[in-house]
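This is input.cif (mmCIF, C-alpha atoms).
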data_target
#
loop_
_atom_site.label_atom_id
_atom_site.label_comp_id
_atom_site.auth_asym_id
_atom_site.auth_seq_id
_atom_site.Cartn_x
_atom_site.Cartn_y
_atom_site.Cartn_z
CA MET A 1 -33.21 3.14 7.27
CA ASN A 2 -30.77 0.31 8.02
CA ARG A 3 -28.36 -1.20 5.48
CA ALA A 4 -30.55 -4.16 4.60
CA THR A 5 -33.52 -1.89 3.94
CA ARG A 6 -31.35 0.42 1.85
CA ALA A 7 -30.08 -2.51 -0.20
CA LEU A 8 -33.56 -3.81 -0.93
CA ALA A 9 -34.77 -0.33 -1.77
CA ALA A 10 -31.90 0.17 -4.18
CA VAL A 11 -32.72 -3.04 -6.02
CA ALA A 12 -36.45 -2.33 -6.05
CA ALA A 13 -35.82 1.16 -7.38
CA ALA A 14 -33.80 -0.33 -10.21
CA GLY A 15 -36.86 -2.28 -11.30
CA ILE A 16 -35.45 -5.76 -10.85
CA GLY A 17 -36.58 -8.72 -8.80
CA LEU A 18 -35.15 -9.82 -5.48
CA SER A 19 -34.39 -13.41 -6.34
CA GLY A 20 -30.71 -12.63 -6.73
CA LEU A 21 -30.58 -11.52 -3.10
CA VAL A 22 -31.71 -14.78 -1.59
CA GLY A 23 -29.00 -16.33 0.53
CA CYS A 24 -26.57 -13.40 0.12
CA GLY A 25 -23.29 -13.58 1.95
CA GLY A 26 -22.76 -17.32 2.35
CA ARG A 27 -20.52 -19.64 0.39
CA GLN A 28 -22.44 -20.51 -2.76
CA ASP A 29 -19.60 -21.70 -5.00
CA ALA A 30 -20.15 -25.30 -6.06
CA ALA A 31 -18.61 -24.87 -9.51
CA SER A 32 -16.14 -27.42 -10.84
CA THR A 33 -12.61 -26.72 -11.98
CA ASP A 34 -11.61 -26.62 -15.62
CA ALA A 35 -10.92 -30.09 -16.98
CA GLY A 36 -9.59 -28.81 -20.29
CA GLY A 37 -10.84 -30.05 -23.61
CA GLU A 38 -13.54 -28.68 -25.90
CA ILE A 39 -15.75 -25.84 -24.66
CA THR A 40 -19.43 -26.50 -25.34
CA CYS A 41 -20.71 -23.41 -23.49
CA GLU A 42 -23.20 -25.64 -21.69
CA VAL A 43 -23.50 -26.44 -17.98
CA GLY A 44 -25.22 -29.80 -17.57
CA THR A 45 -25.52 -30.03 -13.79
CA GLU A 46 -27.10 -27.76 -11.19
CA THR A 47 -24.43 -25.26 -10.20
CA ARG A 48 -24.64 -22.60 -7.50
CA ILE A 49 -22.14 -19.77 -7.44
CA GLY A 50 -21.66 -16.44 -5.72
CA ILE A 51 -20.67 -13.04 -7.09
CA ALA A 52 -18.66 -10.59 -4.97
CA THR A 53 -19.95 -7.07 -5.68
CA GLY A 54 -19.43 -3.98 -3.50
CA ASN A 55 -21.18 -1.50 -1.19
CA ALA A 56 -24.98 -1.72 -1.01
CA ILE A 57 -25.57 1.72 -2.52
CA GLY A 58 -22.94 1.37 -5.23
CA VAL A 59 -23.08 0.33 -8.88
CA TYR A 60 -21.35 -3.06 -8.42
CA PHE A 61 -24.15 -4.14 -6.07
CA ALA A 62 -26.95 -3.00 -8.38
CA LEU A 63 -25.42 -4.61 -11.47
CA GLY A 64 -24.35 -7.73 -9.60
CA ASN A 65 -27.87 -8.44 -8.42
CA ALA A 66 -29.35 -7.81 -11.86
CA TYR A 67 -26.72 -10.07 -13.45
CA ALA A 68 -27.36 -12.81 -10.88
CA GLU A 69 -31.08 -12.67 -11.54
CA GLN A 70 -30.73 -12.83 -15.31
CA VAL A 71 -28.37 -15.82 -15.24
CA SER A 72 -30.48 -17.66 -12.66
CA ASN A 73 -33.80 -17.07 -14.40
CA ALA A 74 -32.71 -17.78 -17.96
CA PRO A 75 -34.76 -20.59 -19.61
CA ASP A 76 -33.44 -24.03 -18.66
CA SER A 77 -30.56 -22.46 -16.71
CA LYS A 78 -28.60 -24.88 -14.55
CA VAL A 79 -26.65 -22.01 -13.00
CA LYS A 80 -28.08 -20.29 -9.93
CA VAL A 81 -26.27 -17.15 -8.88
CA THR A 82 -26.23 -15.17 -5.63
CA ALA A 83 -24.81 -11.64 -5.41
CA ALA A 84 -23.32 -10.46 -2.12
CA GLU A 85 -22.43 -7.06 -0.69
CA THR A 86 -18.68 -6.77 -0.03
CA GLY A 87 -15.96 -4.20 0.57
CA ALA A 88 -15.14 -4.40 -3.17
CA SER A 89 -12.01 -4.89 -5.27
CA VAL A 90 -9.13 -6.02 -3.01
CA GLN A 91 -11.39 -8.01 -0.69
CA ASN A 92 -13.24 -9.45 -3.70
CA ILE A 93 -10.06 -10.82 -5.21
CA GLN A 94 -8.93 -12.29 -1.90
CA GLN A 95 -12.27 -14.06 -1.46
CA LEU A 96 -12.33 -15.14 -5.10
CA VAL A 97 -8.97 -16.84 -4.70
CA ALA A 98 -10.10 -18.36 -1.38
CA GLY A 99 -13.08 -19.94 -3.15
CA THR A 100 -15.79 -17.99 -1.36
CA TYR A 101 -17.07 -16.60 -4.67
CA ALA A 102 -16.77 -17.70 -8.29
CA VAL A 103 -17.00 -14.24 -9.87
CA ALA A 104 -15.79 -10.87 -8.62
CA PHE A 105 -16.14 -7.26 -9.67
CA SER A 106 -12.85 -5.35 -9.60
CA LEU A 107 -11.24 -2.13 -10.69
CA ALA A 108 -8.71 -2.76 -13.45
CA ASP A 109 -5.84 -1.20 -11.48
CA THR A 110 -6.46 -3.52 -8.51
CA ALA A 111 -6.79 -6.50 -10.87
CA ALA A 112 -3.47 -5.56 -12.47
CA ASP A 113 -1.86 -5.43 -9.01
CA ALA A 114 -3.26 -8.90 -8.32
CA VAL A 115 -1.82 -10.62 -11.39
CA GLN A 116 1.49 -8.77 -11.13
CA GLY A 117 1.94 -9.26 -7.39
CA THR A 118 2.16 -5.55 -6.63
CA GLY A 119 0.28 -3.04 -4.47
CA SER A 120 -2.03 -4.78 -2.02
CA PHE A 121 -0.75 -8.13 -3.33
CA GLU A 122 2.96 -7.36 -3.03
CA GLY A 123 5.03 -10.43 -3.82
CA GLN A 124 2.03 -12.73 -4.33
CA LYS A 125 0.64 -13.03 -7.84
CA GLN A 126 -3.00 -14.07 -7.74
CA PRO A 127 -4.40 -16.90 -9.93
CA VAL A 128 -7.19 -14.85 -11.51
CA GLN A 129 -8.29 -14.22 -15.07
CA ALA A 130 -10.87 -11.97 -16.69
CA LEU A 131 -14.40 -12.76 -17.80
CA ALA A 132 -14.67 -9.37 -19.56
CA ARG A 133 -14.01 -5.68 -19.26
CA ILE A 134 -17.24 -3.95 -18.26
CA HIS A 135 -18.14 -0.34 -17.38
CA THR A 136 -15.87 2.54 -16.33
CA ASN A 137 -15.39 3.76 -12.78
CA TYR A 138 -15.23 7.48 -12.16
CA THR A 139 -13.20 8.76 -9.22
CA GLN A 140 -15.67 11.01 -7.41
CA VAL A 141 -14.09 13.27 -4.80
CA ILE A 142 -16.62 15.39 -2.96
CA VAL A 143 -15.89 17.99 -0.28
CA ARG A 144 -18.07 19.70 2.26
CA ASN A 145 -18.34 23.41 1.46
CA GLY A 146 -16.68 25.42 4.20
CA ALA A 147 -14.17 22.69 5.03
CA GLY A 148 -11.38 24.65 3.35
CA ILE A 149 -10.53 21.97 0.80
CA ALA A 150 -9.75 23.25 -2.70
CA SER A 151 -7.34 20.46 -3.63
CA VAL A 152 -6.31 17.02 -2.36
CA ALA A 153 -3.30 18.65 -0.66
CA ASP A 154 -5.73 20.72 1.43
CA MET A 155 -7.01 17.52 3.06
CA ARG A 156 -4.15 17.60 5.56
CA GLY A 157 -5.60 17.23 9.07
CA LYS A 158 -9.15 16.79 7.75
CA ARG A 159 -11.65 13.96 8.30
CA ILE A 160 -11.55 12.08 5.01
CA SER A 161 -13.44 8.94 4.00
CA THR A 162 -11.09 6.80 1.92
CA GLY A 163 -13.69 4.05 1.35
CA SER A 164 -14.20 0.57 2.69
CA PRO A 165 -11.09 -1.28 3.89
CA LYS A 166 -9.59 -3.39 1.09
CA SER A 167 -11.64 -1.65 -1.60
CA GLY A 168 -10.55 -0.28 -4.94
CA THR A 169 -11.69 3.12 -3.71
CA GLU A 170 -9.20 2.93 -0.84
CA VAL A 171 -6.41 2.01 -3.26
CA ILE A 172 -7.09 5.04 -5.47
CA ALA A 173 -7.70 7.35 -2.51
CA ASN A 174 -4.35 6.50 -0.95
CA ARG A 175 -2.55 6.90 -4.28
CA LEU A 176 -4.14 10.31 -4.84
CA LEU A 177 -3.21 11.44 -1.32
CA GLN A 178 0.37 10.30 -1.83
CA ALA A 179 0.50 12.03 -5.21
CA ALA A 180 -0.52 15.22 -3.42
CA GLY A 181 2.35 14.82 -0.93
CA LEU A 182 0.30 13.43 1.96
CA ASP A 183 0.79 10.30 4.03
CA PRO A 184 -2.66 8.64 4.29
CA ALA A 185 -1.69 7.05 7.61
CA LYS A 186 -0.51 10.27 9.26
CA ASP A 187 -1.58 13.42 7.46
CA ILE A 188 -5.36 12.97 7.40
CA GLN A 189 -7.95 11.67 9.82
CA ALA A 190 -8.77 8.65 7.67
CA GLN A 191 -12.31 7.33 7.92
CA ARG A 192 -12.28 3.86 6.33
CA LEU A 193 -16.03 3.66 5.80
CA ASP A 194 -18.41 2.10 3.30
CA LEU A 195 -20.44 4.43 1.13
CA THR A 196 -23.59 4.30 3.26
CA LYS A 197 -21.76 5.51 6.38
CA THR A 198 -19.73 7.96 4.33
CA VAL A 199 -22.81 9.63 2.87
CA ASP A 200 -24.38 9.84 6.33
CA GLY A 201 -21.17 11.44 7.65
CA MET A 202 -21.10 14.02 4.88
CA LYS A 203 -24.70 14.91 5.61
CA ASP A 204 -24.21 15.35 9.37
CA GLY A 205 -20.86 17.15 9.03
CA SER A 206 -18.70 14.49 10.69
CA ILE A 207 -16.76 13.92 7.45
CA ASP A 208 -15.07 16.73 5.50
CA ALA A 209 -14.55 14.95 2.18
CA LEU A 210 -14.96 11.58 0.50
CA PHE A 211 -13.31 9.52 -2.17
CA TRP A 212 -15.48 7.16 -4.20
CA SER A 213 -14.69 5.13 -7.29
CA GLY A 214 -17.86 4.00 -8.99
CA GLY A 215 -19.95 3.90 -12.13
CA LEU A 216 -22.44 6.56 -13.16
CA PRO A 217 -24.74 7.20 -11.53
CA THR A 218 -23.81 5.79 -8.12
CA PRO A 219 -27.07 5.68 -6.08
CA GLY A 220 -25.37 6.81 -2.85
CA ILE A 221 -23.77 9.82 -4.56
CA THR A 222 -27.12 10.71 -6.12
CA ASP A 223 -28.61 10.66 -2.61
CA LEU A 224 -25.88 12.93 -1.24
CA LEU A 225 -26.01 15.42 -4.10
CA THR A 226 -29.81 15.55 -3.89
CA THR A 227 -30.22 15.96 -0.13
CA ALA A 228 -27.15 18.13 0.50
CA ARG A 229 -27.25 20.22 -2.66
CA GLY A 230 -25.41 23.50 -2.13
CA GLN A 231 -23.53 22.08 0.85
CA VAL A 232 -21.05 19.86 -1.04
CA SER A 233 -18.98 20.16 -4.22
CA PHE A 234 -16.93 17.98 -6.53
CA LEU A 235 -13.16 18.38 -6.58
CA ASP A 236 -11.15 18.38 -9.82
CA ILE A 237 -8.36 15.84 -9.24
CA THR A 238 -6.95 15.72 -12.77
CA PRO A 239 -3.78 17.67 -11.81
CA LEU A 240 -2.69 14.43 -10.09
CA LEU A 241 -3.21 12.22 -13.14
CA ALA A 242 0.41 12.31 -14.30
CA GLU A 243 1.59 10.91 -10.95
CA LEU A 244 -1.03 8.14 -11.00
CA LYS A 245 -0.08 7.11 -14.54
CA LYS A 246 3.47 6.50 -13.27
CA ILE A 247 1.96 3.78 -11.04
CA ASN A 248 -0.38 2.30 -13.63
CA PRO A 249 -1.08 3.51 -17.19
CA VAL A 250 -4.69 2.32 -16.89
CA TYR A 251 -5.63 5.68 -15.31
CA GLU A 252 -7.11 8.18 -17.76
CA GLU A 253 -8.83 11.56 -17.69
CA GLY A 254 -12.60 11.61 -17.98
CA SER A 255 -15.56 13.67 -16.87
CA VAL A 256 -18.78 13.22 -14.96
CA PRO A 257 -21.49 14.74 -17.20
CA ALA A 258 -23.45 17.53 -15.57
CA ALA A 259 -26.70 15.66 -16.19
CA THR A 260 -25.56 12.72 -14.05
CA TYR A 261 -26.04 14.48 -10.72
CA GLY A 262 -27.38 17.88 -11.78
CA THR A 263 -24.07 19.71 -11.33
CA PRO A 264 -23.57 23.19 -12.88
CA ALA A 265 -21.03 21.76 -15.37
CA ASP A 266 -19.23 18.56 -16.26
CA VAL A 267 -16.72 17.51 -13.59
CA ARG A 268 -13.20 16.61 -14.76
CA THR A 269 -11.85 13.53 -13.03
CA ILE A 270 -9.75 10.36 -13.31
CA VAL A 271 -11.33 7.18 -14.63
CA VAL A 272 -10.40 3.49 -14.62
CA PRO A 273 -12.13 0.50 -16.24
CA ASN A 274 -13.76 -2.36 -14.35
CA VAL A 275 -13.37 -6.06 -15.01
CA LEU A 276 -15.22 -9.19 -13.97
CA LEU A 277 -12.77 -11.75 -12.60
CA VAL A 278 -12.78 -15.52 -12.11
CA LYS A 279 -10.14 -17.97 -10.88
CA ASP A 280 -7.93 -19.20 -13.67
CA ASP A 281 -9.06 -22.81 -13.09
CA LEU A 282 -12.84 -22.23 -13.10
CA ASP A 283 -14.81 -24.54 -15.42
CA ALA A 284 -14.55 -23.08 -18.92
CA ASN A 285 -18.12 -24.01 -19.84
CA LEU A 286 -19.44 -22.11 -16.84
CA VAL A 287 -17.30 -19.09 -17.69
CA CYS A 288 -18.58 -19.22 -21.27
CA VAL A 289 -22.20 -19.26 -20.06
CA LEU A 290 -21.58 -16.34 -17.70
CA THR A 291 -19.83 -14.30 -20.37
CA ARG A 292 -22.59 -14.81 -22.93
CA ALA A 293 -25.21 -13.85 -20.34
CA LEU A 294 -23.44 -10.56 -19.62
CA PHE A 295 -24.00 -9.40 -23.18
CA GLU A 296 -27.23 -11.22 -24.02
CA HIS A 297 -28.98 -9.69 -20.99
CA LYS A 298 -27.35 -6.26 -21.23
CA PRO A 299 -30.69 -4.40 -21.65
CA ARG A 300 -31.86 -5.76 -18.28
CA LEU A 301 -28.61 -4.71 -16.65
CA GLU A 302 -29.09 -1.21 -18.03
CA GLN A 303 -32.44 -1.08 -16.24
CA ALA A 304 -30.63 -1.79 -12.97
CA ASN A 305 -28.08 0.98 -13.52
CA ALA A 306 -27.19 3.15 -16.51
CA ALA A 307 -23.50 2.30 -16.08
CA ALA A 308 -24.24 -0.99 -17.86
CA LYS A 309 -24.70 0.95 -21.11
CA GLU A 310 -20.90 1.07 -21.27
CA ILE A 311 -20.61 -2.72 -21.39
CA SER A 312 -19.59 -3.40 -24.97
CA LEU A 313 -18.29 -6.20 -27.16
CA GLU A 314 -15.95 -3.60 -28.65
CA THR A 315 -13.99 -3.34 -25.40
CA ALA A 316 -14.76 -6.68 -23.75
CA ARG A 317 -11.35 -8.20 -24.51
CA LYS A 318 -9.38 -5.17 -23.28
CA THR A 319 -8.44 -6.60 -19.89
CA GLU A 320 -4.63 -6.43 -20.06
CA PRO A 321 -2.52 -7.23 -18.12
CA VAL A 322 -5.18 -9.66 -16.86
CA THR A 323 -5.52 -12.62 -19.22
CA LEU A 324 -8.97 -13.56 -20.53
CA HIS A 325 -10.15 -16.94 -19.28
CA ARG A 326 -10.38 -19.40 -22.17
CA GLY A 327 -14.11 -19.84 -21.53
CA ALA A 328 -14.61 -16.10 -21.85
CA ALA A 329 -12.55 -15.98 -25.03
CA GLN A 330 -14.74 -18.73 -26.52
CA ALA A 331 -17.93 -16.82 -25.65
CA LEU A 332 -16.58 -13.60 -27.13
CA ASP A 333 -15.61 -15.47 -30.29
CA GLU A 334 -19.17 -16.79 -30.58
CA LEU A 335 -20.51 -13.26 -30.04
CA ASN A 336 -18.16 -11.90 -32.75
CA ALA A 337 -16.40 -9.52 -30.38
CA PRO A 338 -13.52 -7.72 -32.08
CA LYS A 339 -10.03 -9.05 -31.33
#

Here is the file; what I need is its structure written in the form of structure tokens.
Amino acid sequence: MNRATRALAAVAAAGIGLSGLVGCGGRQDAASTDAGGEITCEVGTETRIGIATGNAIGVYFALGNAYAEQVSNAPDSKVKVTAAETGASVQNIQQLVAGTYAVAFSLADTAADAVQGTGSFEGQKQPVQALARIHTNYTQVIVRNGAGIASVADMRGKRISTGSPKSGTEVIANRLLQAAGLDPAKDIQAQRLDLTKTVDGMKDGSIDALFWSGGLPTPGITDLLTTARGQVSFLDITPLLAELKKINPVYEEGSVPAATYGTPADVRTIVVPNVLLVKDDLDANLVCVLTRALFEHKPRLEQANAAAKEISLETARKTEPVTLHRGAAQALDELNAPK
């Protein structure tokens, strides 16, 4: 099955239409910039925008397509949205700032780097703001049984998938490796692969372990744990949490419930929130419409992937250090989100 077929299958399996996929990948952003003034939360002219998501068998892609469909097909909607597969967080922010997309999924740690001019954005603060905090990403580190890997430090000399280039997964993978005393550029055989190729490599034995940061359940991880059950295992990475929190306090301990992938017990891990980002000068009325849609159509997003159940008005404003766009703040006020 090629990538395109996998992508379509993933969306079909989620029970959503394919309209959000039409025209994926091209520049769709025709939105206007923010002119200031009163926010009406109405878009009066036909507007086409793109959303930068992530790997085709990941949660960003599933939710992004469902979100695009719901916004586009809402009654009397003037906003038509296209969701595109990307390498995820770092690349998404770069393309958001470049104007290729109007909305981007991102891990909160990568978004913090962007607005602070640190990490992958060293010395260059990015002009992005938040639409809302959404679901949580779980760092899923899986090793091939028999590879001799009982900790991240044991990955020395091994073939390790650190995720797509310029992805949030790669950022966390490299930080975890460094926290374990390894140089990602020298001490492992880094495989900078998307999740589809990573899962295939784990199945055929060409990859010894993988890092993945994603919501629950991630379709590609479900595939791996189903087809290679008994051949792979999760790794507990929480001993490295203290070192990661020195880099960014957004990292917290969490667990992958046993029921998610049918594991013998819950898996302790490190979690980080996700945010939806826009440029700081995007039209406030458009941002307001997009923010309202995220919560008004939440049940449909949950049908695409259970991770959407975590999207909540209770946490929507918790995007620090990324500032909420004024259009998003207006929408959250109208929805009575706690401040």

Between A:Val143, A:Ala150, A:Ile270, A:Val171, single out the one closest to A:Leu210, counting only C-alpha atoms.
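Among the listed residues, the smallest separation from A:Leu210 belongs to A:Val143.
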
Can you pull out the residues contacting A:Pro127? Cut-off 9 Å, using all atoms listed in the file, and skip same-chain residues under 5 positions away; I want them as a count of residues only.
7

Apply the PyMOL selection byres ((chain A and resi 153) around 7) to the file shown and report the selected residues as a PyMOL selection string.
chain A and resi 151-152+154-156+180-182

Could you tell me which of A:Asn55, A:Thr136, A:Thr238, A:Thr269 comes closest to A:Lys197 if we count only C-alpha atoms?
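Among A:Asn55, A:Thr136, A:Thr238, A:Thr269, it is A:Asn55 that comes nearest to A:Lys197.
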
Name all residues at most 9 Å from A:Thr222 (count all atoms listed in the file; drop same-chain ones fewer than 4 positions away) and give them as an mmCIF file with C-alpha atoms, in the frame of the given file.
data_model
loop_
_atom_site.group_PDB
_atom_site.id
_atom_site.type_symbol
_atom_site.label_atom_id
_atom_site.label_comp_id
_atom_site.auth_asym_id
_atom_site.auth_seq_id
_atom_site.Cartn_x
_atom_site.Cartn_y
_atom_site.Cartn_z
ATOM 1 C CA PRO A 217 -24.740 7.200 -11.530
ATOM 2 C CA THR A 218 -23.810 5.790 -8.120
ATOM 3 C CA THR A 226 -29.810 15.550 -3.890
ATOM 4 C CA THR A 227 -30.220 15.960 -0.130
ATOM 5 C CA THR A 260 -25.560 12.720 -14.050
ATOM 6 C CA TYR A 261 -26.040 14.480 -10.720
#

Enumerate, as a PyMOL selection string, the residues matched when the PyMOL selection byres ((chain A and resi 44-47) around 8) is run on the file above.
chain A and resi 29-31+42-43+48-49+78-80

Starting from the point (-7.2, 0.2, -13.2), work out which residues of protein, DNA or RNA have an atom no more than 8 Å away when counting all atoms listed in the file; state them as a list in words.
Leu107, Ala108, Asp109, Thr110, Ala111, Ala112, Asn248, Val250, Tyr251, Val272, Pro273 and Asn274 of chain A

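Atom pair atom CA of A:Gly37 / atom CA of A:His325 has a distance of 13.8 Å (rounded to one decimal).
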
Residue neighbourhood A:Ser255, 10 Å, only C-alpha atoms, exclusion window fewer than 6 positions, as JSON, numbers by chain:
{"A": [138, 139, 140, 236, 238, 265, 266, 267, 268, 269, 270, 271]}

As a check of understanding, name the residues that the PyMOL selection byres ((chain A and resi 119) around 12) selects in the supplied structure, as number ranges by chain.
A: 90, 109-118, 120-126, 166, 168, 170-172, 174-175, 247-248

Could you work out how far atom CA of A:Asp34 lies from atom CA of A:Cys288, giving the answer in Å with one decimal?
11.6 Å

Record the distance separating atom CA of A:Phe211 and atom CA of A:Gly54, expressed in Å with one decimal.
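We find that atom CA of A:Phe211 and atom CA of A:Gly54 lie 14.9 Å from each other.
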
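Residue nearest A:Gly148 within the list A:Ala284, A:Ala258, A:Leu235, A:Ser164: A:Leu235 [criterion: smallest interatomic distance, all atoms listed in the file].
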
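The shortest atom-to-atom distance to A:Ala209, with all atoms listed in the file taken into account, belongs to A:Ile149 out of A:Leu177, A:Ala228, A:Ile149, A:Leu294.
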
What's the 10 Å shell around A:Glu334, counting all atoms listed in the file, without same-chain residues fewer than 3 positions away, as a count of residues only?
8

Find the nearest atom pair between each residue of stretch 75-143 of chain A and stretch 299-309 of chain A for residues within 10 Å, count only C-alpha atoms, give distances in Å to one decimal, sort rows by chain and ascending number, and present the table as JSON lines.
{"residue": "A:Ile134", "atom": "CA", "partner": "A:Ala308", "partner_atom": "CA", "distance": 7.6}
{"residue": "A:His135", "atom": "CA", "partner": "A:Ala307", "partner_atom": "CA", "distance": 6.1}
{"residue": "A:Thr136", "atom": "CA", "partner": "A:Ala307", "partner_atom": "CA", "distance": 7.6}
{"residue": "A:Asn137", "atom": "CA", "partner": "A:Ala307", "partner_atom": "CA", "distance": 8.9}

Hey, can you spit out that residue selection with C-alpha atoms as a tab-separated table (two decimals), in the frame of the given file?
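Below is the file part_19.tsv, written as the result:
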chain	number	residue	atom	x	y	z
A	134	ILE	CA	-17.24	-3.95	-18.26
A	135	HIS	CA	-18.14	-0.34	-17.38
A	136	THR	CA	-15.87	2.54	-16.33
A	137	ASN	CA	-15.39	3.76	-12.78

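Nearest-residue note for A:Gly214: choosing from A:Pro264, A:Gly36, A:Gly99, A:Gly163, the minimum distance belongs to A:Gly163, counting only C-alpha atoms.
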
Distance query A:Gly205 at most 12 Å, only C-alpha atoms, self and fewer than 6 positions along chain excluded, as a PyMOL selection string
chain A and resi 143-147+158-160+197-199+228+231-232
